[in-house]
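Step one of this worksheet: look at the structure below.
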Protein chains: 2
Amino acid sequence: MATLPKTEINPRRILDVTRALLVQQGLTQLSIRMIARAVGCSVGSIYFHFKNKDELIHALIEEGFDKLVALQDATEAAITDPRSRLSALCRNYYNFALSNPEYYEIMFTLKPERMARYPAEKYRKARRSVEVVSRAVEAYSRQQKTDIPHPYLVAHLIWCFMHGIVTLMQARRIDRSILPEAIIETSIQQILNLNLSTPPLPSGG
Amino acid sequence: MATLPKTEINPRRILDVTRALLVQQGLTQLSIRMIARAVGCSVGSIYFHFKNKDELIHALIEEGFDKLVALQDATEAAITDPRSRLSALCRNYYNFALSNPEYYEIMFTLKPERMARYPAEKYRKARRSVEVVSRAVEAYSRQQKTDIPHPYLVAHLIWCFMHGIVTLMQARRIDRSILPEAIIETSIQQILNLNLSTPPLPSGG
DNA sequence: GTAGAATTTGAACAGTGTTCAATAGAAAAA
DNA sequence: TTTTTCTATTGAACACTGTTCAAATTCTAC
C-alpha cells in the first residue's frame with residue numbers, strides 16, 4: 001500500500017511550520033509553544049532539533065538568502081544586456097520581498113545587537129546580492145560609456161532605495177492614493193537614469 | 001529653600017524613562033516591569049497612567065512625529081531657495097533618524113497590524129512630513145523650469161530612499177568599507193539631480 | 001532480547017502583559 | 001475635626017513567554 005504522508009518531527013518540518021506561522025504572526029508574536037502545537041509535539045522537541053529560537057530563525061534567514069541569491073545569480077546569467085539586467089535585478093528584489101514578507105523581515109529588518117550573534121560568514125553570503133547589482137552597475141556604465149567611480153557604493157544606494165520602498169510598503173506607510181506599481185516603476189526608471197557621472201564621495205577604507 | 005528635584009510619578013516621567021530604556025533595549029526587550037523599576041513604582045502605577053504598553057508607545061510615537069514635523073516646518077520657513085531647502089529636508093530626516101533611533105523605530109518600522117490600532121488622525125500628522133517634501137519638490141521643479149507631473153509621488157520616492165538608508169544603517173547591514181557620509185551625501189546629490197522630466201506612471205486614486 | 005543511543009516528554013523557573021480588589025493619601029464636605 | 005470622596009498606588013493573581021532538564025519513550029544495532 002501507498003505510504004501515508006508521515007508527519008514525523010524533523011528540522012525541515014519545523015522550519016516549514018515556523019515559516020508559515022511567521023507570515024501570520026510576525027517574529028514578535030511567534031512562540032515556540034505555537035510552533036510545537038502546529039507541529040504536534042512538545043516544546044522540548046523543538047529544542048532538541050534547534051538550540052533555541054534564535055538558531056531556528058537563523059536557519060530560516062539562511063534559507064531566505066539562499067533563495068534570493070539563487071534568483072539574482074540566475075538573472076545575472078540569463079540577461080546579458082546590462083540595462084535590462086539591472087532593471088530585472090531591482091524587480092526581482094521587489095518581488096521577492098513582497099511575496100516573501102516573512103523571509104524579508106528576518107533577513108533585513110532585524111538589528112543584530114538584539115539577536116544572538118549571527119555568524120559573520122552568513123552575512124557575507126547576503127552581501128552577494130549587492131555584489132550582483134554592483135557588477136550590473138559596472139556593466140551598465142560601460143554600456144552607457146560613462147564612468148562610475150564607485151559601482152559598489154552605487155549598488156548600495158540602489159539597495160537602500162529598494163529596501164526603503166519595500167519596508168514602507170510592508171509597514172503600510174505609503175499613502176493609499178499612490179499605487180505600488182507607480183512607485184516601483186518610477187523608481188527603476190530613476191535608477192536607470194542615474195546621473196552616473198556625478199562623482200560620489202570617496203567610499204573610505 | 002530651593003525645591004528638591006521631585007521624583008513623583010507622572011505620565012511625563014514615565015514617558016522619559018521609557019524613551020531612555022527604548023534606546024538601550026529596543027521595543028521587544030522593553031517591559032513594563034523594567035519601566036516600573038526604573039521609575040521606582042509598581043507595575044500597577046504604570047497601568048494607572050497608561051491604558052497599556054501600546055498606548056504608552058503610541059504617546060511616544062506622537063511625540064516623535066511632533067518633533068520631526070516641527071523640525072521640517074521650521075526648515076521650510078527658514079530656507080527659501082528650493083534646492084537648498086530640499087537638500088536640508090533630506091539631511092534633517094537623516095539626522096533625526098540617526099540621533100533619535102528609538103523614536104525612529106517606533107515611528108516608522110512598526111507594522112500596524114501587529115500593534116493595537118493607532119488612530120488614523122495621528123498617521124495624518126505623520127503625512128505632513130512628506131507633504132513638506134512634496135512642496136519643496138514642486139518649488140524646485142519651478143526653479144529648474146522642469147515639469148514634475150506628480151510631486152507627491154516624487155516626495156514618496158525621496159522618503160523611501162531616505163528610509164532605506166536609515167534603516168539599513170541602523171540594522172548594521174551596510175558594508176563597513178562604505179562611509180555613512182558617502183551614502184547620504186551621494187544620495188542627496190542624486191535626489192537633487194533627479195531626472196525630473198521623466199514622466200512617472202499615474203499615481204492612481 | 002537487550003544494550004545503547006536517539007528522541008520525546010512534561011514539569012519547572014524566571015520572565016512577560018494585564019487585571020483587579022485592597023489600600024493609602026489628599027482634598028472636599030460635613 | 002471628622003467623614004466622605006476621589007485620586008493614586010500596591011502587590012497578588014492569570015495566562016502567556018523562552019529555556020532547561022531529568023525522566024520516559026522509541027529506535028537501532030547486535
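Following the order of the C-alpha cells, chains are lettered A, B, ..., residues in each are numbered from 1, and ligands are numbered from 1.
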Within 12 Å of chain A, which residues of chain D are there when counting only C-alpha atoms (C1' of nucleotides)? Please give them as a VMD selection string.
-> chain D and resid 16 to 21
How would the residues just chosen look if you wrote them out with N, CA, C and O atoms (P, O5', C5', C4', C3', O3' and C1' of nucleotides) as a PDB file, in the first residue's frame?
ATOM      1  P    DC D  16      -3.120  30.982  27.806  1.00  0.00           P
ATOM      2  O5'  DC D  16      -1.596  31.372  27.488  1.00  0.00           O
ATOM      3  C5'  DC D  16      -1.326  32.363  26.514  1.00  0.00           C
ATOM      4  C4'  DC D  16      -0.067  33.126  26.852  1.00  0.00           C
ATOM      5  C3'  DC D  16       1.241  32.484  26.431  1.00  0.00           C
ATOM      6  O3'  DC D  16       1.455  32.616  25.042  1.00  0.00           O
ATOM      7  C1'  DC D  16       1.436  33.714  28.479  1.00  0.00           C
ATOM      8  P    DT D  17       2.531  31.651  24.303  1.00  0.00           P
ATOM      9  O5'  DT D  17       3.946  32.238  24.776  1.00  0.00           O
ATOM     10  C5'  DT D  17       4.379  33.515  24.295  1.00  0.00           C
ATOM     11  C4'  DT D  17       5.684  33.896  24.958  1.00  0.00           C
ATOM     12  C3'  DT D  17       6.796  32.885  24.794  1.00  0.00           C
ATOM     13  O3'  DT D  17       7.422  33.052  23.543  1.00  0.00           O
ATOM     14  C1'  DT D  17       6.724  33.695  27.043  1.00  0.00           C
ATOM     15  P    DG D  18       8.379  31.877  22.977  1.00  0.00           P
ATOM     16  O5'  DG D  18       9.702  31.978  23.865  1.00  0.00           O
ATOM     17  C5'  DG D  18      10.592  33.072  23.693  1.00  0.00           C
ATOM     18  C4'  DG D  18      11.844  32.863  24.533  1.00  0.00           C
ATOM     19  C3'  DG D  18      12.713  31.695  24.066  1.00  0.00           C
ATOM     20  O3'  DG D  18      14.088  32.007  24.273  1.00  0.00           O
ATOM     21  C1'  DG D  18      11.908  31.270  26.259  1.00  0.00           C
ATOM     22  P    DT D  19      15.181  30.947  23.787  1.00  0.00           P
ATOM     23  O5'  DT D  19      15.337  30.008  25.059  1.00  0.00           O
ATOM     24  C5'  DT D  19      15.699  30.605  26.313  1.00  0.00           C
ATOM     25  C4'  DT D  19      15.801  29.536  27.378  1.00  0.00           C
ATOM     26  C3'  DT D  19      16.526  28.255  26.944  1.00  0.00           C
ATOM     27  O3'  DT D  19      17.729  28.162  27.685  1.00  0.00           O
ATOM     28  C1'  DT D  19      14.573  27.802  28.220  1.00  0.00           C
ATOM     29  P    DT D  20      18.728  26.919  27.450  1.00  0.00           P
ATOM     30  O5'  DT D  20      18.371  25.959  28.670  1.00  0.00           O
ATOM     31  C5'  DT D  20      18.368  26.495  29.988  1.00  0.00           C
ATOM     32  C4'  DT D  20      17.944  25.424  30.979  1.00  0.00           C
ATOM     33  C3'  DT D  20      18.687  24.094  30.825  1.00  0.00           C
ATOM     34  O3'  DT D  20      19.213  23.749  32.101  1.00  0.00           O
ATOM     35  C1'  DT D  20      16.348  23.744  30.901  1.00  0.00           C
ATOM     36  P    DC D  21      20.345  22.607  32.237  1.00  0.00           P
ATOM     37  O5'  DC D  21      19.505  21.341  32.723  1.00  0.00           O
ATOM     38  C5'  DC D  21      18.466  21.535  33.692  1.00  0.00           C
ATOM     39  C4'  DC D  21      17.671  20.252  33.852  1.00  0.00           C
ATOM     40  C3'  DC D  21      18.434  18.980  33.457  1.00  0.00           C
ATOM     41  O3'  DC D  21      18.216  17.985  34.425  1.00  0.00           O
ATOM     42  C1'  DC D  21      16.382  19.081  32.317  1.00  0.00           C
TER      43       DC D  21
END
What residues in chain C have any atom no more than 12 Å from chain B when counting only C-alpha atoms (C1' of nucleotides), and can you write them as a list in words?
->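 Written out as asked, the residues are DG15, DT16, DG17, DT18, DT19 and DC20 of chain C.
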Got a sec: who's within 12 Å of D:DC30, counting only C-alpha atoms (C1' of nucleotides), leaving out chain neighbours fewer than 3 positions off, as a list in words?
->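 After dropping sequence-adjacent residues, the list is DG1, DT2, DA3 and DG4 of chain C.
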When the cut-off is 8 Å and we count only C-alpha atoms, which residues of chain A are near chain B, given as a ChimeraX atom specification?
-> /A:25-26,28,108-112,114,153,156-157,159-165,167-168,170-174,176-179,182-183,185-187,190,193-195,198,200-205
Residue nearest D:DA8 - candidates B:Ala155, B:His49, B:Ser87, B:Arg13, atoms counted: only C-alpha atoms (C1' of nucleotides) = B:His49
Do you have the atom CA of B:Thr80-atom CA of B:Lys125 distance handy?
->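 Calculated distance between atom CA of B:Thr80 and atom CA of B:Lys125 is 23.1 Å.
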Which residues are near C:DA24? Cut-off 12 Å, only C-alpha atoms (C1' of nucleotides), ignore same chain within fewer than 4 positions. Put them as an mmCIF file with C-alpha atoms (C1' of nucleotides), in the first residue's frame.
data_model
loop_
_atom_site.group_PDB
_atom_site.id
_atom_site.type_symbol
_atom_site.label_atom_id
_atom_site.label_comp_id
_atom_site.auth_asym_id
_atom_site.auth_seq_id
_atom_site.Cartn_x
_atom_site.Cartn_y
_atom_site.Cartn_z
ATOM 1 C "C1'" DT D 7 -7.189 60.001 43.100
ATOM 2 C "C1'" DA D 8 -3.163 57.252 43.212
ATOM 3 C "C1'" DT D 9 -0.637 53.141 44.360
ATOM 4 C "C1'" DT D 10 0.127 48.492 45.550
#
Counting only C-alpha atoms (C1' of nucleotides), what is within 10 Å of D:DT5, bar same-chain residues fewer than 6 positions away, as a list of chain:residue names?
-> C:DA27, C:DA28, C:DA29
Kindly export the residues of the current selection with N, CA and C atoms (P, O5', C5', C4', C3', O3' and C1' of nucleotides), as a compact mmCIF listing (two decimals), in the first residue's frame.
# COMPACT_ATOMS: atom_id res chain seq x y z
P DA C 27 -3.96 67.99 48.55
O5' DA C 27 -5.38 68.44 47.99
C5' DA C 27 -6.04 67.61 47.03
C4' DA C 27 -7.52 67.54 47.29
C3' DA C 27 -8.15 68.86 47.79
O3' DA C 27 -9.24 69.17 46.94
C1' DA C 27 -8.88 67.02 49.10
P DA C 28 -9.93 70.63 46.96
O5' DA C 28 -11.44 70.25 47.33
C5' DA C 28 -11.99 69.02 46.83
C4' DA C 28 -13.24 68.65 47.59
C3' DA C 28 -14.10 69.83 48.06
O3' DA C 28 -15.45 69.56 47.74
C1' DA C 28 -13.58 68.43 49.90
P DA C 29 -16.61 70.61 48.09
O5' DA C 29 -17.38 69.87 49.28
C5' DA C 29 -17.62 68.45 49.17
C4' DA C 29 -18.37 67.96 50.39
C3' DA C 29 -19.40 68.93 50.96
O3' DA C 29 -20.58 68.19 51.31
C1' DA C 29 -17.78 68.41 52.62
Output as a VMD selection string all residues of stretch 71-123 of chain B that backbone DSSP marks as alpha helix (DSSP H).
-> chain B and resid 71 to 78 82 to 99 101 to 108 120 to 123
Take the residues just selected and output them with N, CA, C and O atoms as a compact mmCIF listing (two decimals), in the first residue's frame.
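Below you can see result-v5.txt, which holds the result:
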# COMPACT_ATOMS: atom_id res chain seq x y z
N LEU B 71 10.61 70.27 13.18
CA LEU B 71 11.91 70.47 12.54
C LEU B 71 11.76 70.80 11.06
O LEU B 71 12.35 71.76 10.55
N GLN B 72 10.93 70.02 10.38
CA GLN B 72 10.76 70.22 8.93
C GLN B 72 9.99 71.50 8.62
O GLN B 72 10.32 72.20 7.66
N ASP B 73 9.01 71.80 9.43
CA ASP B 73 8.26 73.04 9.23
C ASP B 73 9.19 74.25 9.40
O ASP B 73 9.13 75.21 8.63
N ALA B 74 10.04 74.19 10.42
CA ALA B 74 10.98 75.29 10.65
C ALA B 74 11.91 75.46 9.46
O ALA B 74 12.21 76.59 9.04
N THR B 75 12.36 74.34 8.92
CA THR B 75 13.27 74.39 7.77
C THR B 75 12.55 74.97 6.54
O THR B 75 13.12 75.78 5.81
N GLU B 76 11.29 74.56 6.36
CA GLU B 76 10.52 75.09 5.24
C GLU B 76 10.39 76.61 5.35
O GLU B 76 10.51 77.33 4.34
N ALA B 77 10.17 77.08 6.57
CA ALA B 77 10.01 78.52 6.78
C ALA B 77 11.33 79.27 6.63
O ALA B 77 11.36 80.41 6.16
N ALA B 78 12.42 78.61 7.00
CA ALA B 78 13.70 79.31 7.06
C ALA B 78 14.43 79.36 5.73
O ALA B 78 15.09 80.35 5.41
N PRO B 82 14.68 76.72 -3.14
CA PRO B 82 14.10 75.37 -3.21
C PRO B 82 15.14 74.26 -3.17
O PRO B 82 14.94 73.25 -2.49
N ARG B 83 16.24 74.46 -3.90
CA ARG B 83 17.27 73.41 -3.93
C ARG B 83 17.88 73.20 -2.54
O ARG B 83 17.98 72.08 -2.06
N SER B 84 18.24 74.29 -1.89
CA SER B 84 18.81 74.21 -0.54
C SER B 84 17.79 73.62 0.43
O SER B 84 18.14 72.85 1.33
N ARG B 85 16.54 74.00 0.23
CA ARG B 85 15.52 73.53 1.16
C ARG B 85 15.32 72.02 1.05
O ARG B 85 15.29 71.31 2.05
N LEU B 86 15.24 71.55 -0.20
CA LEU B 86 15.04 70.11 -0.41
C LEU B 86 16.22 69.33 0.16
O LEU B 86 16.04 68.31 0.84
N SER B 87 17.40 69.86 -0.08
CA SER B 87 18.60 69.23 0.45
C SER B 87 18.57 69.19 1.98
O SER B 87 18.86 68.16 2.61
N ALA B 88 18.16 70.31 2.59
CA ALA B 88 18.13 70.40 4.05
C ALA B 88 17.08 69.45 4.63
O ALA B 88 17.29 68.84 5.68
N LEU B 89 15.95 69.32 3.95
CA LEU B 89 14.89 68.43 4.44
C LEU B 89 15.39 66.98 4.50
O LEU B 89 15.10 66.25 5.44
N CYS B 90 16.15 66.60 3.48
CA CYS B 90 16.71 65.24 3.45
C CYS B 90 17.71 65.06 4.59
O CYS B 90 17.67 64.06 5.32
N ARG B 91 18.60 66.04 4.73
CA ARG B 91 19.59 65.99 5.81
C ARG B 91 18.91 65.91 7.18
O ARG B 91 19.29 65.14 8.04
N ASN B 92 17.90 66.74 7.36
CA ASN B 92 17.16 66.73 8.62
C ASN B 92 16.61 65.35 8.95
O ASN B 92 16.73 64.88 10.08
N TYR B 93 15.99 64.76 7.95
CA TYR B 93 15.38 63.44 8.15
C TYR B 93 16.44 62.44 8.58
O TYR B 93 16.26 61.70 9.55
N TYR B 94 17.54 62.44 7.85
CA TYR B 94 18.66 61.54 8.16
C TYR B 94 19.19 61.79 9.57
O TYR B 94 19.36 60.86 10.36
N ASN B 95 19.43 63.06 9.88
CA ASN B 95 19.96 63.39 11.21
C ASN B 95 18.98 63.03 12.32
O ASN B 95 19.37 62.51 13.37
N PHE B 96 17.71 63.31 12.08
CA PHE B 96 16.69 62.97 13.08
C PHE B 96 16.71 61.48 13.38
O PHE B 96 16.70 61.05 14.53
N ALA B 97 16.73 60.69 12.33
CA ALA B 97 16.69 59.23 12.48
C ALA B 97 17.92 58.72 13.22
O ALA B 97 17.81 57.88 14.12
N LEU B 98 19.09 59.25 12.85
CA LEU B 98 20.31 58.72 13.46
C LEU B 98 20.51 59.20 14.89
O LEU B 98 21.12 58.49 15.69
N SER B 99 19.98 60.37 15.21
CA SER B 99 20.16 60.84 16.59
C SER B 99 18.98 60.48 17.48
O SER B 99 19.05 60.67 18.69
N PRO B 101 17.20 57.13 17.30
CA PRO B 101 16.85 55.81 16.77
C PRO B 101 15.65 55.20 17.47
O PRO B 101 14.87 54.47 16.85
N GLU B 102 15.47 55.53 18.75
CA GLU B 102 14.34 54.96 19.49
C GLU B 102 13.03 55.52 18.98
O GLU B 102 12.04 54.79 18.80
N TYR B 103 12.98 56.83 18.70
CA TYR B 103 11.80 57.42 18.09
C TYR B 103 11.57 56.82 16.70
O TYR B 103 10.47 56.42 16.34
N TYR B 104 12.66 56.78 15.92
CA TYR B 104 12.50 56.34 14.53
C TYR B 104 11.94 54.93 14.44
O TYR B 104 11.06 54.65 13.62
N GLU B 105 12.43 54.05 15.31
CA GLU B 105 11.96 52.67 15.27
C GLU B 105 10.45 52.59 15.44
O GLU B 105 9.76 51.96 14.64
N ILE B 106 9.94 53.25 16.49
CA ILE B 106 8.51 53.13 16.75
C ILE B 106 7.67 53.95 15.77
O ILE B 106 6.53 53.62 15.49
N MET B 107 8.26 55.01 15.21
CA MET B 107 7.51 55.85 14.28
C MET B 107 7.33 55.19 12.91
O MET B 107 6.28 55.30 12.29
N PHE B 108 8.39 54.51 12.44
CA PHE B 108 8.39 54.11 11.03
C PHE B 108 8.56 52.63 10.75
O PHE B 108 8.37 52.21 9.62
N ALA B 120 -6.13 56.97 13.16
CA ALA B 120 -5.81 57.44 11.82
C ALA B 120 -5.36 58.90 11.80
O ALA B 120 -4.49 59.27 11.02
N GLU B 121 -5.90 59.72 12.70
CA GLU B 121 -5.54 61.16 12.67
C GLU B 121 -4.06 61.36 12.96
O GLU B 121 -3.45 62.30 12.47
N LYS B 122 -3.49 60.44 13.74
CA LYS B 122 -2.08 60.58 14.08
C LYS B 122 -1.19 60.26 12.88
O LYS B 122 -0.17 60.87 12.68
N TYR B 123 -1.64 59.28 12.09
CA TYR B 123 -0.90 58.99 10.86
C TYR B 123 -0.98 60.18 9.92
O TYR B 123 -0.08 60.42 9.14
In Å, rounded to a single decimal, give me how far atom CA of B:Ser134 is from atom CA of B:Thr146.
-> 15.1 Å
Residues at most 12 Å from B:Arg12, counting only C-alpha atoms (C1' of nucleotides), excluding those fewer than 5 positions away in the same chain, as a PyMOL selection string?
-> chain B and resi 7+17-19+39+46+49-50+56+59-60+63
